[in-house]
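Below: the structure, in structure tokens.
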Amino acid sequence: MDSLRSKENLNQFESIFGKTKQPPRLFQAPARINIIGEHVDYLGGIVLPAAINFAVQVYLRPNETSSYRLYSVTYNETVELIKPLKPNPKSPWADYISGVIFEIEKMGYSVPGFDLLVDGNIPQGSGLSSSAAFEVVTGYAIKETFGLTLSREEIALIGQRAENNFVGTKCGIMDQFIIAVGKKDDCISLNTETLKYSYHHFDLGKYEFYLINSNVKHSLKDSAYNKRRSECESALVKIKAKYPNFIQLYDVNLTESELENCHLTIEEQKRIKHVTSERERTKVVIDGLESGNFLEVGSALFETHWSLSKEFEVSCPETDFIVDSLQSLSVTGARMIGGGFGGCVLVLDTKDHFSKIEEVLKKSYQQKFNVALDFYKFQISDGVKEVLI
């Protein structure tokens with residue numbers, strides 16, 4: 001976010017909460033993309049995310065009371081939180097802060113009262129994980145302001161628990177983790193079972209990644225996300241009854257006849273097919289990025305999209321249309337990202353191809369769905385940090 005907007009927000013903070021000798025501190029957390037490894041982060045899988053330069057920013061200052069006064073620029077709304085903290089159905093955005101405070105205090109810390117202003121430029125509903133950025137930046141700001149001994153990895157886990165336990169979405173760890181530990185020009189391969197990770201630096205050369213926002217968000221998203229998780233969990237229970245050595249669904253490597261012995265539903269079979277094939281595609285993409293074989297990477301991205309659409313069933317007509325159109329326009333690779341049912345498509349292509357794609361696709365999509373597309377260029381950026389003002 002630009003410095004002018006940050007300064008405007010500082011003025012707004014002081015007009016809402018007053019000016020004191022101690023100025024508020026500014027913290028920022030990025031959005032994220034995931035290059036490969038979709039819908040496996042809650043199944044012990046390997047994912048390949050990167051932080052990108054859209055952001056959520058918070059100003060935070062202790063207020064010498066026991067309550068938390070919050071202001072959202074997006075919603076133009078002030079909320080006061082008083083313990084015991086409870087979900088706020090009128091202002092659900094405040095639940096992300098409540099959840100983080102609740103989880104930090106469960107670890108034995110005390111979080112004194114503070115004033116907080118939040119603003120961001122991550123497109124809502126785009127699948128770029130604005131909620132995880134909000135959780136991580138809140139946790140990091142509390143840690144830095146009050147001198148808590150929490151690592152970046154612990155901040156990520158606090159954010160995930162806040163979303164699971166307080167907000168009520170059973171998200172995996174990937175989003176919060178990359179937002180906490182991201183590094184400029186690098187992605188990470190993260191084993192979501194062990195939380196071991198390594199940085200991967202790559203040079204795209206004549207290629208680039210960019211995003212296309214479908215600008216649709218279907219109401220199915222949250223309920224279907226939780227349903228897919230429960231289908232994967234029930235499939236694993238059935239598999240473990242016959243083959244008890246498997247710890248995670250991601251590790252399953254059974255033949256078709258062996259899977260038939262497990263009495264899986266058709267839905268469970270399809271979910272497993274996506275998860276196990278995504279495991280192989282992830283290896284291909286990591287190798288391809290490091291060796292510069294971008295055609296191989298692109299092919300795997302297309303395969304992932306159609307697996308998410310047909311096997312995991314979390315796509316929608318709009319994102320399928322975008323990816324199908326990109327394939328027919330000879331783009332290198334593309335796939336839906338995020339929870340699904342709308343949001344963004346990640347594209348890998350040569351830089352000189354962009355203007356043609358943008359022109360053709362904007363027109364055909366508008367004609368088909370009567371909705372405008374947005375195209376986002378981005379850079380791979382650092383994770384959560386304090387911004388000096």
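The way I read the labels, and the way they are meant: chains A, B, ... in the order of the structure tokens, residue 1 as the first residue of every chain, and ligand 1 as the first ligand shown, with later ones counted on from there.
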What are the closest atom pairs, with distances in Å to one decimal, for each residue of segment 17-113 of chain A lying within 12 Å of segment 365-376 of chain A, using only C-alpha atoms, rows by chain and rising residue number, as a tab-separated table?
```
residue	atom	partner	partner_atom	distance
A:Ile33	CA	A:Tyr376	CA	12.0
A:Ile52	CA	A:Tyr376	CA	10.9
A:Asn53	CA	A:Tyr376	CA	10.6
A:Phe54	CA	A:Tyr376	CA	9.9
```
Let's have the selection written as a short mmCIF file (atom, residue, chain, number, x, y, z; two decimals), in the first residue's frame, with N, CA and C atoms.
```cif
data_model
loop_
_atom_site.label_atom_id
_atom_site.label_comp_id
_atom_site.auth_asym_id
_atom_site.auth_seq_id
_atom_site.Cartn_x
_atom_site.Cartn_y
_atom_site.Cartn_z
N ILE A 33 -0.38 -15.97 -3.07
CA ILE A 33 -0.82 -16.91 -4.10
C ILE A 33 -0.29 -18.28 -3.71
N ILE A 52 2.56 -11.91 -1.89
CA ILE A 52 2.53 -10.93 -2.99
C ILE A 52 2.14 -9.55 -2.46
N ASN A 53 2.42 -8.53 -3.27
CA ASN A 53 2.38 -7.15 -2.79
C ASN A 53 1.00 -6.48 -2.84
N PHE A 54 -0.03 -7.19 -2.42
CA PHE A 54 -1.26 -6.58 -1.92
C PHE A 54 -1.18 -6.75 -0.40
#
```
Would you list the contacts of Lys385 of chain A as a list in words, taking every protein, DNA or RNA residue within 8 Å and counting only C-alpha atoms, but skipping same-chain residues closer than 5 positions in sequence? Phe27, Gln28, Ala29, Val137 and Tyr140 of chain A
Pull N, CA, C and O atoms from the residues just selected and write them as a compact mmCIF listing (two decimals), in the first residue's frame.
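Output below, filename again14.txt:
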```txt
# COMPACT_ATOMS: atom_id res chain seq x y z
N PHE A 27 1.84 -1.86 11.01
CA PHE A 27 2.25 -3.21 10.62
C PHE A 27 1.51 -3.61 9.34
O PHE A 27 0.39 -3.17 9.10
N GLN A 28 2.17 -4.47 8.56
CA GLN A 28 1.62 -4.83 7.25
C GLN A 28 1.82 -6.32 6.98
O GLN A 28 2.89 -6.86 7.23
N ALA A 29 0.77 -6.97 6.45
CA ALA A 29 0.87 -8.37 6.04
C ALA A 29 0.40 -8.50 4.60
O ALA A 29 -0.58 -7.86 4.21
N VAL A 137 -1.28 -10.21 10.66
CA VAL A 137 -0.82 -8.85 10.98
C VAL A 137 -1.27 -8.45 12.39
O VAL A 137 -0.53 -7.78 13.12
N TYR A 140 1.04 -10.39 14.83
CA TYR A 140 2.40 -9.83 14.80
C TYR A 140 2.45 -8.47 15.49
O TYR A 140 3.39 -8.16 16.23
```
Expected answer as an mmCIF file with N, CA, C and O atoms, in the first residue's frame: strand (DSSP E) residues in segment 22-61 of chain A:
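Writing the result to part36.cif gives the following:
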```
data_model
loop_
_atom_site.group_PDB
_atom_site.id
_atom_site.type_symbol
_atom_site.label_atom_id
_atom_site.label_comp_id
_atom_site.auth_asym_id
_atom_site.auth_seq_id
_atom_site.Cartn_x
_atom_site.Cartn_y
_atom_site.Cartn_z
ATOM 1 N N ARG A 25 1.934 2.283 16.052
ATOM 2 C CA ARG A 25 2.897 1.653 15.132
ATOM 3 C C ARG A 25 2.127 1.004 13.984
ATOM 4 O O ARG A 25 0.993 0.539 14.160
ATOM 5 N N LEU A 26 2.770 0.975 12.824
ATOM 6 C CA LEU A 26 2.123 0.467 11.607
ATOM 7 C C LEU A 26 2.716 -0.893 11.225
ATOM 8 O O LEU A 26 3.936 -1.046 11.135
ATOM 9 N N PHE A 27 1.842 -1.861 11.005
ATOM 10 C CA PHE A 27 2.252 -3.211 10.616
ATOM 11 C C PHE A 27 1.513 -3.613 9.342
ATOM 12 O O PHE A 27 0.389 -3.168 9.101
ATOM 13 N N GLN A 28 2.167 -4.470 8.558
ATOM 14 C CA GLN A 28 1.621 -4.830 7.245
ATOM 15 C C GLN A 28 1.818 -6.316 6.978
ATOM 16 O O GLN A 28 2.890 -6.863 7.232
ATOM 17 N N ALA A 29 0.774 -6.968 6.455
ATOM 18 C CA ALA A 29 0.873 -8.372 6.043
ATOM 19 C C ALA A 29 0.398 -8.499 4.603
ATOM 20 O O ALA A 29 -0.579 -7.860 4.205
ATOM 21 N N PRO A 30 1.083 -9.333 3.811
ATOM 22 C CA PRO A 30 0.759 -9.436 2.392
ATOM 23 C C PRO A 30 -0.384 -10.403 2.101
ATOM 24 O O PRO A 30 -0.779 -11.214 2.948
ATOM 25 N N ALA A 31 -0.891 -10.323 0.882
ATOM 26 C CA ALA A 31 -1.735 -11.385 0.331
ATOM 27 C C ALA A 31 -0.832 -12.545 -0.072
ATOM 28 O O ALA A 31 0.390 -12.475 0.070
ATOM 29 N N ARG A 32 -1.444 -13.590 -0.611
ATOM 30 C CA ARG A 32 -0.622 -14.707 -1.063
ATOM 31 C C ARG A 32 -1.235 -15.357 -2.306
ATOM 32 O O ARG A 32 -2.433 -15.270 -2.557
ATOM 33 N N ILE A 33 -0.375 -15.972 -3.067
ATOM 34 C CA ILE A 33 -0.818 -16.908 -4.099
ATOM 35 C C ILE A 33 -0.289 -18.283 -3.710
ATOM 36 O O ILE A 33 0.645 -18.392 -2.911
ATOM 37 N N ASN A 34 -0.884 -19.296 -4.267
ATOM 38 C CA ASN A 34 -0.327 -20.635 -4.151
ATOM 39 C C ASN A 34 -0.112 -21.153 -5.557
ATOM 40 O O ASN A 34 -1.067 -21.263 -6.334
ATOM 41 N N ILE A 46 1.990 -31.082 0.448
ATOM 42 C CA ILE A 46 3.028 -30.083 0.179
ATOM 43 C C ILE A 46 2.434 -29.004 -0.718
ATOM 44 O O ILE A 46 1.773 -29.305 -1.725
ATOM 45 N N VAL A 47 2.674 -27.756 -0.344
ATOM 46 C CA VAL A 47 2.147 -26.613 -1.086
ATOM 47 C C VAL A 47 3.305 -25.686 -1.462
ATOM 48 O O VAL A 47 4.388 -25.754 -0.883
ATOM 49 N N PRO A 49 3.407 -21.866 -1.872
ATOM 50 C CA PRO A 49 2.875 -20.506 -1.882
ATOM 51 C C PRO A 49 3.962 -19.432 -1.925
ATOM 52 O O PRO A 49 5.137 -19.693 -1.662
ATOM 53 N N ALA A 50 3.524 -18.213 -2.237
ATOM 54 C CA ALA A 50 4.395 -17.033 -2.197
ATOM 55 C C ALA A 50 3.574 -15.847 -1.720
ATOM 56 O O ALA A 50 2.374 -15.758 -1.998
ATOM 57 N N ALA A 51 4.204 -14.946 -0.984
ATOM 58 C CA ALA A 51 3.558 -13.699 -0.567
ATOM 59 C C ALA A 51 3.621 -12.707 -1.726
ATOM 60 O O ALA A 51 4.607 -12.679 -2.470
ATOM 61 N N ILE A 52 2.560 -11.908 -1.887
ATOM 62 C CA ILE A 52 2.529 -10.932 -2.987
ATOM 63 C C ILE A 52 2.139 -9.550 -2.460
ATOM 64 O O ILE A 52 1.592 -9.417 -1.366
ATOM 65 N N ASN A 53 2.419 -8.526 -3.271
ATOM 66 C CA ASN A 53 2.378 -7.148 -2.787
ATOM 67 C C ASN A 53 1.004 -6.480 -2.841
ATOM 68 O O ASN A 53 0.869 -5.334 -3.245
ATOM 69 N N PHE A 54 -0.031 -7.190 -2.425
ATOM 70 C CA PHE A 54 -1.262 -6.582 -1.923
ATOM 71 C C PHE A 54 -1.182 -6.750 -0.401
ATOM 72 O O PHE A 54 -0.518 -7.672 0.068
ATOM 73 N N ALA A 55 -1.881 -5.918 0.369
ATOM 74 C CA ALA A 55 -1.607 -5.968 1.808
ATOM 75 C C ALA A 55 -2.796 -5.556 2.665
ATOM 76 O O ALA A 55 -3.706 -4.852 2.223
ATOM 77 N N VAL A 56 -2.742 -6.031 3.923
ATOM 78 C CA VAL A 56 -3.580 -5.509 5.012
ATOM 79 C C VAL A 56 -2.647 -4.772 5.965
ATOM 80 O O VAL A 56 -1.587 -5.293 6.316
ATOM 81 N N GLN A 57 -3.029 -3.565 6.357
ATOM 82 C CA GLN A 57 -2.235 -2.785 7.311
ATOM 83 C C GLN A 57 -3.055 -2.508 8.562
ATOM 84 O O GLN A 57 -4.268 -2.276 8.472
ATOM 85 N N VAL A 58 -2.379 -2.545 9.710
ATOM 86 C CA VAL A 58 -3.029 -2.105 10.951
ATOM 87 C C VAL A 58 -2.131 -1.113 11.676
ATOM 88 O O VAL A 58 -0.914 -1.272 11.710
ATOM 89 N N TYR A 59 -2.754 -0.071 12.200
ATOM 90 C CA TYR A 59 -2.128 0.792 13.200
ATOM 91 C C TYR A 59 -2.577 0.280 14.561
ATOM 92 O O TYR A 59 -3.778 0.033 14.770
ATOM 93 N N LEU A 60 -1.638 0.138 15.492
ATOM 94 C CA LEU A 60 -1.985 -0.359 16.824
ATOM 95 C C LEU A 60 -1.262 0.463 17.888
ATOM 96 O O LEU A 60 -0.082 0.773 17.737
ATOM 97 N N ARG A 61 -2.001 0.784 18.973
ATOM 98 C CA ARG A 61 -1.426 1.543 20.080
ATOM 99 C C ARG A 61 -2.094 1.101 21.386
ATOM 100 O O ARG A 61 -3.321 0.987 21.442
#
```
If you run DSSP over the backbone, which residues in segment 91-306 of chain A end up helix (DSSP H, G or I)? Put them as a VMD selection string. chain A and resid 94 to 106 130 to 146 152 to 167 174 to 181 221 to 242 249 to 251 256 to 260 266 to 291 294 to 306
Nearby residues (only C-alpha atoms) at most 12 Å from Glu154 of chain A, same-chain spacing under 2 positions excluded, as a compact mmCIF listing (two decimals) with all heavy atoms, in the first residue's frame:
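The resulting file, out-v4.txt, is shown below:
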```txt
# COMPACT_ATOMS: atom_id res chain seq x y z
N VAL A 100 -7.72 -13.92 17.44
CA VAL A 100 -6.27 -13.86 17.66
C VAL A 100 -5.96 -13.56 19.13
O VAL A 100 -5.11 -14.21 19.75
CB VAL A 100 -5.61 -12.83 16.72
CG1 VAL A 100 -4.17 -12.55 17.13
CG2 VAL A 100 -5.67 -13.32 15.27
N GLU A 103 -6.71 -16.67 21.22
CA GLU A 103 -5.72 -17.75 21.07
C GLU A 103 -4.39 -17.40 21.74
O GLU A 103 -3.73 -18.27 22.31
CB GLU A 103 -5.51 -18.07 19.59
CG GLU A 103 -6.71 -18.72 18.91
CD GLU A 103 -7.09 -20.08 19.50
OE1 GLU A 103 -6.20 -20.77 20.05
OE2 GLU A 103 -8.27 -20.45 19.42
N ILE A 104 -3.98 -16.13 21.68
CA ILE A 104 -2.74 -15.72 22.36
C ILE A 104 -2.90 -15.89 23.87
O ILE A 104 -2.00 -16.40 24.55
CB ILE A 104 -2.38 -14.26 21.99
CG1 ILE A 104 -1.92 -14.18 20.52
CG2 ILE A 104 -1.26 -13.74 22.90
CD1 ILE A 104 -1.69 -12.76 20.01
N MET A 107 -2.52 -19.26 25.35
CA MET A 107 -1.13 -19.71 25.49
C MET A 107 -0.50 -19.20 26.79
O MET A 107 0.67 -19.48 27.05
CB MET A 107 -0.31 -19.25 24.28
CG MET A 107 -0.77 -19.84 22.95
SD MET A 107 0.10 -19.09 21.55
CE MET A 107 1.73 -19.82 21.71
N VAL A 136 -2.73 -12.63 10.73
CA VAL A 136 -1.28 -12.63 10.95
C VAL A 136 -0.79 -11.23 11.33
O VAL A 136 0.03 -11.08 12.23
CB VAL A 136 -0.54 -13.17 9.70
CG1 VAL A 136 0.96 -12.95 9.82
CG2 VAL A 136 -0.84 -14.66 9.52
N GLY A 139 -1.77 -10.59 14.97
CA GLY A 139 -0.92 -11.34 15.89
C GLY A 139 0.48 -10.75 15.98
O GLY A 139 1.05 -10.61 17.08
N TYR A 140 1.04 -10.39 14.83
CA TYR A 140 2.40 -9.83 14.80
C TYR A 140 2.45 -8.47 15.49
O TYR A 140 3.39 -8.16 16.23
CB TYR A 140 2.87 -9.73 13.35
CG TYR A 140 4.32 -9.36 13.20
CD1 TYR A 140 5.32 -10.31 13.37
CD2 TYR A 140 4.70 -8.06 12.88
CE1 TYR A 140 6.66 -9.98 13.23
CE2 TYR A 140 6.04 -7.71 12.74
CZ TYR A 140 7.01 -8.68 12.91
OH TYR A 140 8.35 -8.35 12.78
N LYS A 143 2.30 -9.01 19.21
CA LYS A 143 3.61 -9.55 19.67
C LYS A 143 4.65 -8.44 19.77
O LYS A 143 5.36 -8.32 20.78
CB LYS A 143 4.08 -10.63 18.70
CG LYS A 143 5.58 -10.91 18.73
CD LYS A 143 6.01 -11.52 17.39
CE LYS A 143 7.42 -11.27 16.94
NZ LYS A 143 8.48 -11.23 17.88
N LEU A 148 5.87 -9.89 23.22
CA LEU A 148 5.63 -11.31 23.46
C LEU A 148 6.66 -12.16 22.72
O LEU A 148 7.06 -11.82 21.61
CB LEU A 148 4.22 -11.70 22.99
CG LEU A 148 3.06 -10.84 23.49
CD1 LEU A 148 1.73 -11.42 23.04
CD2 LEU A 148 3.09 -10.67 25.00
N THR A 149 7.08 -13.25 23.32
CA THR A 149 8.11 -14.10 22.70
C THR A 149 7.44 -15.16 21.82
O THR A 149 7.35 -16.34 22.17
CB THR A 149 8.98 -14.78 23.77
OG1 THR A 149 8.13 -15.46 24.69
CG2 THR A 149 9.83 -13.76 24.51
N LEU A 150 6.95 -14.70 20.67
CA LEU A 150 6.30 -15.59 19.70
C LEU A 150 7.08 -15.56 18.40
O LEU A 150 7.45 -14.49 17.91
CB LEU A 150 4.87 -15.13 19.44
CG LEU A 150 3.88 -15.21 20.62
CD1 LEU A 150 2.61 -14.43 20.30
CD2 LEU A 150 3.55 -16.66 20.93
N SER A 151 7.33 -16.73 17.82
CA SER A 151 8.02 -16.81 16.53
C SER A 151 7.02 -16.53 15.40
O SER A 151 5.80 -16.56 15.61
CB SER A 151 8.62 -18.20 16.33
OG SER A 151 7.59 -19.16 16.18
N ARG A 152 7.55 -16.30 14.22
CA ARG A 152 6.67 -16.11 13.06
C ARG A 152 5.81 -17.35 12.82
O ARG A 152 4.63 -17.25 12.45
CB ARG A 152 7.51 -15.79 11.81
CG ARG A 152 8.08 -14.37 11.82
CD ARG A 152 9.01 -14.10 10.66
NE ARG A 152 9.41 -12.69 10.67
CZ ARG A 152 8.79 -11.73 10.00
NH1 ARG A 152 7.73 -12.02 9.25
NH2 ARG A 152 9.21 -10.48 10.07
N ALA A 156 1.64 -17.70 12.81
CA ALA A 156 0.84 -18.36 11.76
C ALA A 156 -0.15 -19.34 12.38
O ALA A 156 -1.33 -19.37 12.00
CB ALA A 156 1.76 -19.07 10.77
N LEU A 157 0.32 -20.14 13.31
CA LEU A 157 -0.55 -21.15 13.95
C LEU A 157 -1.65 -20.49 14.78
O LEU A 157 -2.79 -20.98 14.82
CB LEU A 157 0.29 -22.09 14.81
CG LEU A 157 1.17 -23.05 14.02
CD1 LEU A 157 2.27 -23.64 14.89
CD2 LEU A 157 0.33 -24.17 13.41
N ILE A 158 -1.34 -19.37 15.42
CA ILE A 158 -2.35 -18.62 16.17
C ILE A 158 -3.45 -18.14 15.21
O ILE A 158 -4.64 -18.24 15.49
CB ILE A 158 -1.71 -17.43 16.91
CG1 ILE A 158 -0.90 -17.93 18.11
CG2 ILE A 158 -2.75 -16.40 17.35
CD1 ILE A 158 0.08 -16.92 18.68
N GLY A 159 -3.03 -17.60 14.05
CA GLY A 159 -3.99 -17.14 13.05
C GLY A 159 -4.89 -18.26 12.56
O GLY A 159 -6.11 -18.09 12.43
N GLN A 160 -4.30 -19.43 12.30
CA GLN A 160 -5.10 -20.57 11.85
C GLN A 160 -6.10 -21.00 12.92
O GLN A 160 -7.28 -21.24 12.63
CB GLN A 160 -4.20 -21.75 11.50
CG GLN A 160 -4.99 -22.94 10.94
CD GLN A 160 -4.23 -24.26 11.01
OE1 GLN A 160 -3.24 -24.39 11.75
NE2 GLN A 160 -4.67 -25.23 10.24
N ARG A 161 -5.65 -21.08 14.16
CA ARG A 161 -6.56 -21.49 15.25
C ARG A 161 -7.68 -20.46 15.44
O ARG A 161 -8.82 -20.83 15.72
CB ARG A 161 -5.78 -21.68 16.55
CG ARG A 161 -4.87 -22.90 16.54
CD ARG A 161 -4.46 -23.30 17.95
NE ARG A 161 -3.69 -22.29 18.64
CZ ARG A 161 -2.36 -22.17 18.60
NH1 ARG A 161 -1.64 -23.05 17.89
NH2 ARG A 161 -1.74 -21.22 19.26
N ILE A 173 -3.19 -24.56 7.17
CA ILE A 173 -2.16 -23.67 7.70
C ILE A 173 -1.46 -22.85 6.62
O ILE A 173 -0.79 -21.86 6.92
CB ILE A 173 -1.10 -24.49 8.49
CG1 ILE A 173 -0.08 -23.58 9.21
CG2 ILE A 173 -0.36 -25.48 7.57
CD1 ILE A 173 -0.68 -22.60 10.18
N GLN A 176 -1.77 -18.60 6.38
CA GLN A 176 -1.14 -17.88 7.49
C GLN A 176 0.37 -18.10 7.50
O GLN A 176 1.13 -17.18 7.82
CB GLN A 176 -1.74 -18.36 8.82
CG GLN A 176 -3.18 -17.95 9.05
CD GLN A 176 -4.19 -18.90 8.44
OE1 GLN A 176 -3.84 -19.84 7.73
NE2 GLN A 176 -5.46 -18.67 8.71
N PHE A 177 0.80 -19.29 7.12
CA PHE A 177 2.22 -19.61 7.20
C PHE A 177 3.05 -18.78 6.21
O PHE A 177 4.05 -18.15 6.59
CB PHE A 177 2.46 -21.11 6.95
CG PHE A 177 3.68 -21.65 7.63
CD1 PHE A 177 3.59 -22.18 8.91
CD2 PHE A 177 4.92 -21.60 7.02
CE1 PHE A 177 4.71 -22.68 9.56
CE2 PHE A 177 6.05 -22.08 7.65
CZ PHE A 177 5.95 -22.63 8.93
N ALA A 180 3.27 -15.19 7.15
CA ALA A 180 4.17 -14.95 8.28
C ALA A 180 5.65 -15.03 7.88
O ALA A 180 6.47 -14.26 8.38
CB ALA A 180 3.88 -15.95 9.40
N VAL A 181 6.02 -15.96 6.99
CA VAL A 181 7.45 -16.22 6.73
C VAL A 181 7.91 -15.84 5.33
O VAL A 181 9.07 -16.07 4.98
CB VAL A 181 7.82 -17.70 7.01
CG1 VAL A 181 7.36 -18.13 8.39
CG2 VAL A 181 7.26 -18.64 5.94
N LEU A 195 5.25 -29.06 9.01
CA LEU A 195 5.54 -27.62 8.98
C LEU A 195 7.01 -27.34 8.66
O LEU A 195 7.50 -26.23 8.90
CB LEU A 195 5.12 -26.93 10.28
CG LEU A 195 3.63 -26.96 10.59
CD1 LEU A 195 3.30 -26.03 11.77
CD2 LEU A 195 2.77 -26.58 9.38
```
Within 9 Å of segment 333-343 of chain A using only C-alpha atoms, minus same-chain residues under 2 positions, as a ChimeraX atom specification: /A:33-36,38-39,124-129,212-222,225,294-306,308-309,313-320,322-323,326-327,330-331,345-349
